[in-house]
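> What follows is a single structure, and I will ask about it in a moment.
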Amino acid sequence: MKQPVKVRIMLPMSIRCNSCGNHICRGTKFSSRKEEVVGETYLGNQRFRFYFTCTNCSAVLAIKTQPQHPDCEVESGATRVVENGQRKREAEEMGDVMKSRTYDLNREIDSLPPLDDMNSMK
């Protein structure tokens, strides 16, 4: 087995430490130990495990890469914070509101008499 290598990584998802409950945001940079996961490959691509510490309590956290998906899985010490689809739903609803307002405005404009008719009325 190869020796672990020290690397600098950026957290690919938001997690919560199981020890202290600290929320660590996606994109936080860590110095970590990287090691190969023995016996786990996907189409010839090796899986890697990264060990790093919580920014609050110094508990050891571990994540493992998933070559079949552009993602990682939390292996120990933390749980993944699943961002609910609330923001996405709100954006979709806002888009629907804007579409309906645009439709109403277009319908209102179409119902107005043309400018030529208005000029002839004067």
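To be explicit about the labels: the chains of the structure tokens are called A, B, and onward in the order shown, and within each one the residues are counted from 1, while ligands get numbers from 1 in the order they are shown.
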What are the nearest atom pairs, with distances in Å to one decimal, for all residues of region 42-90 of chain A that come at most 10 Å from region 29-38 of chain A, using only C-alpha atoms, set out by chain and rising residue number as a tab-separated table?

residue	atom	partner	partner_atom	distance
A:Gln46	CA	A:Glu36	CA	6.9
A:Arg47	CA	A:Val37	CA	5.5
A:Phe48	CA	A:Glu36	CA	4.6
A:Arg49	CA	A:Glu35	CA	5.4
A:Phe50	CA	A:Lys34	CA	4.6
A:Tyr51	CA	A:Arg33	CA	5.1
A:Phe52	CA	A:Ser32	CA	4.7
A:Thr53	CA	A:Ser32	CA	8.0
A:Cys54	CA	A:Phe30	CA	9.4
A:Thr55	CA	A:Phe30	CA	9.1
A:Leu61	CA	A:Ser32	CA	9.8
A:Ala62	CA	A:Ser32	CA	9.4
A:Ile63	CA	A:Lys34	CA	9.9
A:Lys64	CA	A:Val37	CA	8.2
A:Thr65	CA	A:Val37	CA	9.3
> Per residue of region 2-57 of chain A within 12 Å of region 68-84 of chain A, what are the shortest atom pair and its distance in Å to one decimal, counting only C-alpha atoms, with rows by chain and residue number, as CSV?

residue,atom,partner,partner_atom,distance
A:Met10,CA,A:Cys72,CA,11.6
A:Leu11,CA,A:Cys72,CA,9.2
A:Pro12,CA,A:Cys72,CA,7.1
A:Met13,CA,A:Arg80,CA,7.3
A:Ser14,CA,A:Val81,CA,5.4
A:Ile15,CA,A:Arg80,CA,4.4
A:Arg16,CA,A:Thr79,CA,5.4
A:Cys17,CA,A:Ala78,CA,4.4
A:Asn18,CA,A:Ala78,CA,4.8
A:Ser19,CA,A:Gly77,CA,7.2
A:Cys20,CA,A:Ala78,CA,9.7
A:Gly21,CA,A:Ala78,CA,8.6
A:Asn22,CA,A:Ala78,CA,9.4
A:His23,CA,A:Val81,CA,8.3
A:Ile24,CA,A:Val81,CA,9.1
A:Cys25,CA,A:Val81,CA,9.1
A:Arg26,CA,A:Val81,CA,9.7
A:Val37,CA,A:Glu75,CA,11.8
A:Glu40,CA,A:Gln68,CA,11.8
A:Thr41,CA,A:Gln68,CA,9.7
A:Tyr42,CA,A:Gln68,CA,6.7
A:Leu43,CA,A:Gln68,CA,8.5
A:Gly44,CA,A:Gln68,CA,10.9
A:Asn45,CA,A:Gln68,CA,9.1
A:Gln46,CA,A:Gln68,CA,10.8
A:Arg47,CA,A:Gln68,CA,9.9
A:Phe48,CA,A:Cys72,CA,9.6
A:Arg49,CA,A:Glu75,CA,8.6
A:Phe50,CA,A:Glu75,CA,9.4
A:Tyr51,CA,A:Ser76,CA,9.3
A:Phe52,CA,A:Gly77,CA,9.9
A:Thr53,CA,A:Gly77,CA,9.2
A:Cys54,CA,A:Gly77,CA,8.9
A:Cys57,CA,A:Gly77,CA,11.4
